[in-house]
Structures are given as structure tokens and as C-alpha cells.
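S.K.: Sharing a structure, written as C-alpha cells. Questions coming.
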Amino acid sequence: MNHPRPESFGARLGAAFDAHGHLCVGIDPHEYLLSDWGLAQSATGALEFGLRVVEACAGRVGIIKPQVAFYERFGSLGFRALEDVLASARDAGLLVIADAKRGDLGSTFEAYAAAWFGADSPLEADALTVAPYMGFGSLAAPLAQAKSRGKGIFVLAATSNPEAGELQTATVSRGSQAGSSVAGSIAAAVAAYNAEHYEAERLGSIGVVIGATVDVDELGISVEGLAASPAAPVLAPGFGFQGAEAGDVRRILGASADHAIVTASRSILSAGPGGLGTAIDKQVRQVSEAYE
Ligand SMILES: O=c1ccn([C@@H]2O[C@H](COP(=O)(O)O)[C@@H](O)[C@H]2O)c(=O)[nH]1
């Protein structure tokens with residue numbers, strides 16, 4: 001039987017940008033946030049937290065990013081809670097980026113892709129963050145599965161944490177990217193992959209993670225290369241709590257800002273359950289002003 005090819009992640013992301021703008025709300029049930037929200041330090045507390053964030057996001061933003069680690073810490077019950085949060089986000093029509101930062105050699109990566117992209121998987125998400133430090137080639141299986149299942153992948157290139165620069169500015173010594181920085185080589189590989197596999201699309205389905213706290217020139221990343229059609233989506237954490245301001249997104253990401261997912265977690269979540277809707281509305285306004 002012939003199954004119709006699903007709409008690509010890039011197409012769905014473009015629709016989410018058009019309908020709701022570029023803000024993505026992170027779901028990060030930190031220990032202190034569970035306390036502040038009056039929730040239990042348990043999978044049940046993390047479930048309640050996630051469901052309330054999903055409820056507040058529905059109709060306000062198009063994209064959410066649950067941080068898997070905050071569910072994983074509660075073991076199997078935490079994963080069960082995450083499954084329910086993902087199901088509720090799907091029902092609400094939100095685009096879900098699972099921030100799990102998976103990475104491994106090809107055959108093992110296939111299992112991760114089955115977990116996060118499988119149509120029958122309870123952990124099914126729209127996109128997954130992955131680590132390329134076993135080589136960009138190690139991503140071949142999840143890249144292929146993403147394409148066939150209409151999913152997206154965000155490859156870590158230049159992360160927002162201050163200690164990352166030492167490794168990510170290092171020079172690649174071999175192969176077609178010899179002489180580039182590690183971050184620049186990942187960005188170039190993603191741009192090339194989109195050009196080859198998503199050539200007919202406005203937005204490719206394979207993106208990069210570039211922290212909003214980094215200097216893309218210093219990191220050796222060509223934002224023009226990422227913005228060339230089909231543009232690579234840029235998942236940009238680091239706004240709010242880590243210091244970057246949404247109003248600066250164009251200065252920070254240059255040509256890639258038009259395809260950026262402006263991501264914030266603690267700065268919004270710290271408003272508490274009662275103030276969450278207002279905090280999201282305020283952040284949506286700030287982000288949309290930056291794009292005027
Ligand atoms: O480079 C990266 C990659 C991922 N993250 C994740 O994003 C959120 C940021 O949370 P804030 O509270 O808005 O700082 C968190 O889940 C990180 O693990 C990142 O910060 N930087």
C-alpha cells in the first residue's frame with residue numbers, strides 16, 4: 001500500500017511562524033520551579049507543570065520545546081509524564097521540539113529516531129535536537145527517517161553555554177570542511193543537506209542550534225549560507241534567563257533571524273502558573289516587534 005508522504009517539518013514550521021510568530025516556549029520543570037509553582041517534586045508534579053504550560057501556550061504560540069532531562073530524572077514515571085505532555089501538545093496543535101540532544105553511531109541512532117519520530121511511539125515529537133560530535137555522518141539514519149516521516153532535526157552547532165566555545169571554535173583538520181571551525185562545519189553540512197534533500201522547499205527540515213548568546217562571526221558560522229534557500233531553521237535558546245534579548249534577534253542572527261526559533265524557558269516559566277499567559281503574551285509581543 002502506498003502511504004502519502006507527510007508534509008515536511010519545514011513546511012509545518014513555516015506555517016507556525018506565519019500563524020504565531022517565532023517564539024518557542026520551553027518546558028523545563030526545574031526543581032525550584034516545581035516548588036515555586038506549588039507542585040510535587042515528582043513525575044506527577046512535572047506532568048502537571050507540562051500540561052499547564054501546554055494549556056497556556058495553545059493559541060498563543062506555535063512551538064514548544066520540552067526539555068527531556070527534566071522528565072528523565074524521574075525515570076520511567078518521568079517518561080510516562082512526558083508522553084502525556086507530548087500527547088496534550090499534539091492535541092493542542094503545537095509543534096513539539098524534543099530537546100533530548102541524542103547522539104550515537106548510526107545503528108543506535110536508528111533506535112533513537114524510532115523513539116522520537118515513530119508514528120506509534122508514545123514519545124513522538126515533531127523534531128529532535130541531536131549532537132553531531134560522533135561525526136556529521138553518524139546522523140545519516142535519523143536524517144533519512146526525518147525525511148520519510150516529515151520530522152525535523154536540530155543539530156548542535158554553537159551552543160549557548162559559555163564553556164562551549166573552546167571546542168566549537170576549534171579547527172576541523174580533515175575532510176571537505178578542513179580549515180572551518182567545528183561550529184561552522186556543522187552549519188555548512190546542514191545547509192548542504194537541506195540543499196540536496198529539501199531543494200523544493202522554502203524551509204529545510206534540518207536545522208541548527210545556535211545559542212543567542214554567541215557571536216556567529218567568532219564561531220565561524222555563515223548565517224548567509226544557512227539562510228540560502230531552502231533555509232535552515234535555527235533553534236536559538238539563550239533568550240531571557242541566559243541574557244540575550246528577543247529584540248536583538250536580528251543583530252544576533254543576521255540573515256538567519258528570519259528562520260529562527262526564539263526560545264525561552266525560565267524567563268517565562270518563572271511567572272508561575274497564574275502569570276504564565278500574561279508572560280507568554282508579553283514575550284510574543286517583544287518577539288513580533290523584533291520582526292517588524
Ligand atoms: O545551546 C543550547 C541548547 C539547548 N539549550 C536548552 O534550552 C533551554 C534554555 O532554557 P532557559 O531557561 O531559557 O535558559 C534549556 O532547556 C537548555 O537545556 C540551551 O540553553 N542552549
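Naming works like this for the C-alpha cells: A, B, ... for the chains as they're shown, residue 1 at the start of each chain, ligands 1 onward in shown order.
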Neighbouring residues of ligand 1 are defined here as those with any atom at most 7 Å from a ligand atom, counting only C-alpha atoms and all ligand atoms; list them as a list in words.

M.R.: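 Going residue by residue within 7 Å of ligand 1, we get Gly26, Asp28, Gln67, Asp99, Ala158, Thr159, Ser160, Asn161, Val209, Ile210, Gly211, Pro237, Gly238, Phe239, Gly240, Phe241, Gln242, Thr263, Ala264, Ser265, Arg266 and Ser267 of chain A.
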
S.K.: Save out the residues we just selected, C-alpha atoms, as an mmCIF file, in the first residue's frame.

M.R.:
```cif
data_model
loop_
_atom_site.group_PDB
_atom_site.id
_atom_site.type_symbol
_atom_site.label_atom_id
_atom_site.label_comp_id
_atom_site.auth_asym_id
_atom_site.auth_seq_id
_atom_site.Cartn_x
_atom_site.Cartn_y
_atom_site.Cartn_z
ATOM 1 C CA GLY A 26 10.494 25.759 26.732
ATOM 2 C CA ASP A 28 11.738 22.919 31.840
ATOM 3 C CA GLN A 67 13.492 19.622 27.956
ATOM 4 C CA ASP A 99 15.228 18.704 23.441
ATOM 5 C CA ALA A 158 27.146 26.685 18.518
ATOM 6 C CA THR A 159 25.529 26.165 21.879
ATOM 7 C CA SER A 160 24.643 28.943 24.295
ATOM 8 C CA ASN A 161 26.701 27.748 27.279
ATOM 9 C CA VAL A 209 21.148 25.035 17.272
ATOM 10 C CA ILE A 210 22.835 28.397 17.619
ATOM 11 C CA GLY A 211 22.700 29.955 21.058
ATOM 12 C CA PRO A 237 17.999 29.193 23.020
ATOM 13 C CA GLY A 238 19.629 31.716 25.337
ATOM 14 C CA PHE A 239 16.965 34.423 25.356
ATOM 15 C CA GLY A 240 15.762 35.697 28.699
ATOM 16 C CA PHE A 241 17.415 33.890 31.596
ATOM 17 C CA GLN A 242 20.765 33.429 29.808
ATOM 18 C CA THR A 263 13.427 30.017 22.560
ATOM 19 C CA ALA A 264 12.952 30.899 26.224
ATOM 20 C CA SER A 265 12.154 28.759 29.241
ATOM 21 C CA ARG A 266 12.892 30.054 32.759
ATOM 22 C CA SER A 267 12.246 33.717 31.965
#
```

S.K.: Neighbours of Leu95 of chain A within 12 Å (only C-alpha atoms; same-chain residues fewer than 5 positions away dropped), as a count of residues only?

M.R.: 39

S.K.: May I ask for the distance between atom CA of Trp116 of chain A and atom CA of Ile268 of chain A, given in Å to one decimal place?

M.R.: 25.8 Å

S.K.: Could you tell me how far atom CA of Thr44 of chain A lies from atom CA of Ala92 of chain A, in Å and to one decimal?

M.R.: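 Taking atom CA of Thr44 of chain A and atom CA of Ala92 of chain A, their separation equals 20.4 Å.
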
S.K.: A:Asp91, A:Ala200, A:Asp215, A:Phe49: which is nearest Ser35 of chain A, counting only C-alpha atoms?

M.R.: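 Closest to Ser35 of chain A of all the choices is A:Phe49.
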
S.K.: Determine which residues of segment 45-278 of chain A DSSP labels as alpha helix (DSSP H) from the backbone of this structure, then write them out as an MDAnalysis selection string.

M.R.: chainID A and resid 45:57 69:72 75:91 106:117 140:149 165:168 182:197 223:227 249:253 266:269 272:278

S.K.: Among segment 101-280 of chain A, which ones does DSSP place in strand (DSSP E), written as JSON, numbers by chain?

M.R.: {"A": [101, 102, 127, 128, 129, 130, 152, 153, 154, 155, 156, 157, 158, 206, 207, 208, 209, 210, 234, 235, 236, 260, 261, 262, 263, 264]}

S.K.: Please produce a file of those selected residues containing C-alpha atoms, as a PDB file, in the first residue's frame.

M.R.:
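Generated file (result-v5.pdb):
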```
ATOM      1  CA  LYS A 101      20.350  16.091  22.442  1.00  0.00           C
ATOM      2  CA  ARG A 102      20.750  12.494  21.323  1.00  0.00           C
ATOM      3  CA  ALA A 127      11.615  17.429  15.864  1.00  0.00           C
ATOM      4  CA  LEU A 128      14.575  16.341  17.946  1.00  0.00           C
ATOM      5  CA  THR A 129      17.823  18.000  18.989  1.00  0.00           C
ATOM      6  CA  VAL A 130      20.919  15.911  18.206  1.00  0.00           C
ATOM      7  CA  GLY A 152      12.793  17.774  11.832  1.00  0.00           C
ATOM      8  CA  ILE A 153      16.258  17.630  13.350  1.00  0.00           C
ATOM      9  CA  PHE A 154      18.222  20.390  15.060  1.00  0.00           C
ATOM     10  CA  VAL A 155      21.943  19.726  15.078  1.00  0.00           C
ATOM     11  CA  LEU A 156      24.000  21.363  17.816  1.00  0.00           C
ATOM     12  CA  ALA A 157      26.407  23.798  16.145  1.00  0.00           C
ATOM     13  CA  ALA A 158      27.146  26.685  18.518  1.00  0.00           C
ATOM     14  CA  ILE A 206      17.124  20.119   9.151  1.00  0.00           C
ATOM     15  CA  GLY A 207      18.178  22.965  11.385  1.00  0.00           C
ATOM     16  CA  VAL A 208      20.977  24.008  13.651  1.00  0.00           C
ATOM     17  CA  VAL A 209      21.148  25.035  17.272  1.00  0.00           C
ATOM     18  CA  ILE A 210      22.835  28.397  17.619  1.00  0.00           C
ATOM     19  CA  VAL A 234      17.804  27.961  13.615  1.00  0.00           C
ATOM     20  CA  LEU A 235      16.814  26.876  17.100  1.00  0.00           C
ATOM     21  CA  ALA A 236      18.100  29.718  19.257  1.00  0.00           C
ATOM     22  CA  ALA A 260      14.949  31.463  13.840  1.00  0.00           C
ATOM     23  CA  ILE A 261      13.009  29.885  16.653  1.00  0.00           C
ATOM     24  CA  VAL A 262      13.353  32.300  19.561  1.00  0.00           C
ATOM     25  CA  THR A 263      13.427  30.017  22.560  1.00  0.00           C
ATOM     26  CA  ALA A 264      12.952  30.899  26.224  1.00  0.00           C
TER      27      ALA A 264
END
```

S.K.: Write out as a short mmCIF file (atom, residue, chain, number, x, y, z; two decimals) with N, CA and C atoms, in the first residue's frame each polymer residue whose atoms come within 9 Å of Ile252 of chain A, counting only C-alpha atoms; drop sequence neighbours fewer than 6 positions from it.

M.R.:
```
data_model
loop_
_atom_site.label_atom_id
_atom_site.label_comp_id
_atom_site.auth_asym_id
_atom_site.auth_seq_id
_atom_site.Cartn_x
_atom_site.Cartn_y
_atom_site.Cartn_z
N ALA A 212 21.66 32.10 21.36
CA ALA A 212 21.51 33.55 21.15
C ALA A 212 22.60 34.33 21.88
N THR A 213 23.39 33.63 22.67
CA THR A 213 24.46 34.27 23.44
C THR A 213 25.78 34.28 22.67
N VAL A 214 25.85 33.66 21.50
CA VAL A 214 27.14 33.52 20.81
C VAL A 214 27.31 34.60 19.74
N ASP A 215 28.57 34.78 19.35
CA ASP A 215 28.89 35.68 18.25
C ASP A 215 29.13 34.79 17.02
N VAL A 216 28.19 34.83 16.07
CA VAL A 216 28.27 33.88 14.95
C VAL A 216 29.54 34.07 14.13
N ALA A 244 20.34 36.94 26.55
CA ALA A 244 20.05 37.56 25.25
C ALA A 244 18.64 38.16 25.25
#
```

S.K.: Record the distance separating atom CA of Pro233 of chain A and atom CA of Gln286 of chain A, expressed in Å with one decimal.

M.R.: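 Computed distance, atom CA of Pro233 of chain A to atom CA of Gln286 of chain A, equals 20.1 Å.
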
S.K.: Can you tell me, as a list of chain:residue names, what residues are no more than 12 Å from Leu77 of chain A when counting only C-alpha atoms, ignoring any on the same chain fewer than 5 positions away?

M.R.: A:Ser42, A:Ala43, A:Thr44, A:Gly45, A:Ala46, A:Leu47, A:Phe70, A:Tyr71, A:Glu72, A:Leu82, A:Glu83, A:Asp84

S.K.: Compile the contact shell of Asp281 of chain A as a ChimeraX atom specification: residues with an atom at most 7 Å away, counting only C-alpha atoms, same-chain residues fewer than 4 positions apart removed.

M.R.: /A:60,277,285

S.K.: Which residue, A:Glu55, A:Glu7, A:Asp18, A:Asp120, has the smallest gap to Ile280 of chain A when you use only C-alpha atoms?

M.R.: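 Between A:Glu55, A:Glu7, A:Asp18, A:Asp120, the residue approaching Ile280 of chain A most closely is A:Glu55.
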
S.K.: Of the residues A:Ile27, A:Val96, A:Ala114, A:Leu34, which is the one nearest to Arg149 of chain A, using only C-alpha atoms?

M.R.: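 Smallest separation from Arg149 of chain A among the options: A:Ala114.
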